[in-house]
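Since the structure comes first, as C-alpha cells, the remarks are kept for the end.
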Amino acid sequence: RPTTPPTLHARALHARYGGFTALDGVDLDLPPGQITAVVGPNGVGKSTLFHCLAGTLRPARGRVLLGGRDITRLPAHARTRLGIARTFQQLAVFPSLTVADNVRVGAEQGRVADPGAVERALRLFGLDGPVRALPAAGLPTGTLRRVELARAFAGAPRVLLLDEPAAGLDSAEVAALARVLRALAADGTALLVVEHDLDLVADLADVVHVMTAGRIIASGPPRDVLDTLGAREATS
Ligand code: ADP
Ligand code: MG
C-alpha cells in the first residue's frame, strides 16, 4: 500500500473526433505536490487531453495510469472516486443548489467521505460567510469558480484537473486563486492547470508543457519554456 500519493500518467495518448486527430501521442506525468501547466493556442487539444485524463473522453490509443493502475477504461465518476477531481472550462455548478450544497455534492462524490470536508472547503475558498446559503444561480463568475474549486477539493482529491481556472477572474481573484493552488500543491495534491493566462502560468507552474496540433512540443520550468519558445506570442 503506497505511502505517497500516486502520480497520474498519460502514455502515448491519441484522440480523434471522427477523422480528425486531436491528440497525436501525448505523454504527461502529474506527480504529487507539483503544479503542471499545459499551454498553447486555441484548438491544439488542451481540453481533449484534459477530457482523456478526467475520463470524459475515451482515447483512440494510449493509456492513462494512476500510480501503477491502468484507468484508461474507467468512466469519469469512477476516477473521481479514486481521487481525480476536476473543474470545468464552462462553469458547471448546480444553479438551484446553495453554495454549501454544491460543495457537499463534491464531498459525496469524492475519494473519502469526510464530514469535516465541506466546512474546510468552504473556509479555504472564502465561501464560509453568508454566501454559503445562497443559490449558485446568479452569483458572479469569480464566486462560481471558487464554488467549483471548493466542490472539487471537498472530495479530498489526489489529483486536481483545472481547465482555464482563471477565465473570467479579475487580477485580485487570480492572485487569490494562485495562493490557494500553491497551498494545495504544498499539501501533496498533483495539479494540472490548462490555462490561457501565461502570467498566471509563469507565476504558478513548476513545469509547463507547450502544445501545438495535438502534441507537446516543449516542456520545462516556465522561465525556460515560456521565454525561449515565445509561447507568449503563440498563445495570444
Ligand atoms: P483547446 O482546448 O486546446 O482549445 P480542444 O481540445 O478543445 O482544443 O480541441 C482540439 C481540436 O479538436 C480543435 O480543432 C477542435 O475544433 C476539435 N474538437 C474539439 N472537440 C470536438 C468535438 N466534440 N468534435 C469535433 N471536433 C472537436
Ligand atoms: Mg480548451
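Residue numbers start at 1 in each chain; chains themselves are named A, B, ... in the order of the C-alpha cells; ligands are numbered from 1 in the order shown.
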key: Long-range neighbours of Thr72 (chain A) as a list of chain:residue names, 7 Å cut-off, only C-alpha atoms, 3 positions minimum in chain   =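 So, after excluding close chain neighbours, the residues are A:Arg63, A:Val64, A:Leu65.
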Test item: residues at most 9 Å from Arg120 (chain A), only C-alpha atoms, excluding those fewer than 5 positions along its chain, as a ChimeraX atom specification = /A:125,128,150,154
key: helix (DSSP H, G or I) positions in region 111-182 of chain A, given as a PyMOL selection string   = chain A and resi 117-124+130-133+141-154+171-182
ask   = What residues have any atom no more than 10 Å from ligand 2 when counting only C-alpha atoms and all ligand atoms, and can you list them as a count of residues only?
value = 21
task = Go ahead and compute the interatomic distance for CA of Ala100 (chain A) and CA of Ala133 (chain A), in Å to one decimal.
result =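 Going from CA of Ala100 (chain A) over to CA of Ala133 (chain A), I get 6.4 Å.
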query = Which is closest to ligand 1 among A:Leu127, A:Leu184, A:Ala152, A:Leu162, if we use only C-alpha atoms and all ligand atoms?
reply = A:Leu162
remark   = Restricting to only C-alpha atoms, whichever of A:Arg145, A:Val26, A:Gly68, A:Leu161 is closest to Ala54 (chain A) is A:Leu161
message = Quick one: residues within 12 Å of Leu144 (chain A), only C-alpha atoms, excluding same-chain residues fewer than 5 positions away - as number ranges by chain?
response = A: 87-95, 98-100, 102-103, 125-127, 131-132, 134-139, 149-151, 165-169, 173
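Closest to ligand 1 among A:Ala176, A:Leu66, A:Val193, A:Ala218 is A:Val193, based on only C-alpha atoms and all ligand atoms.
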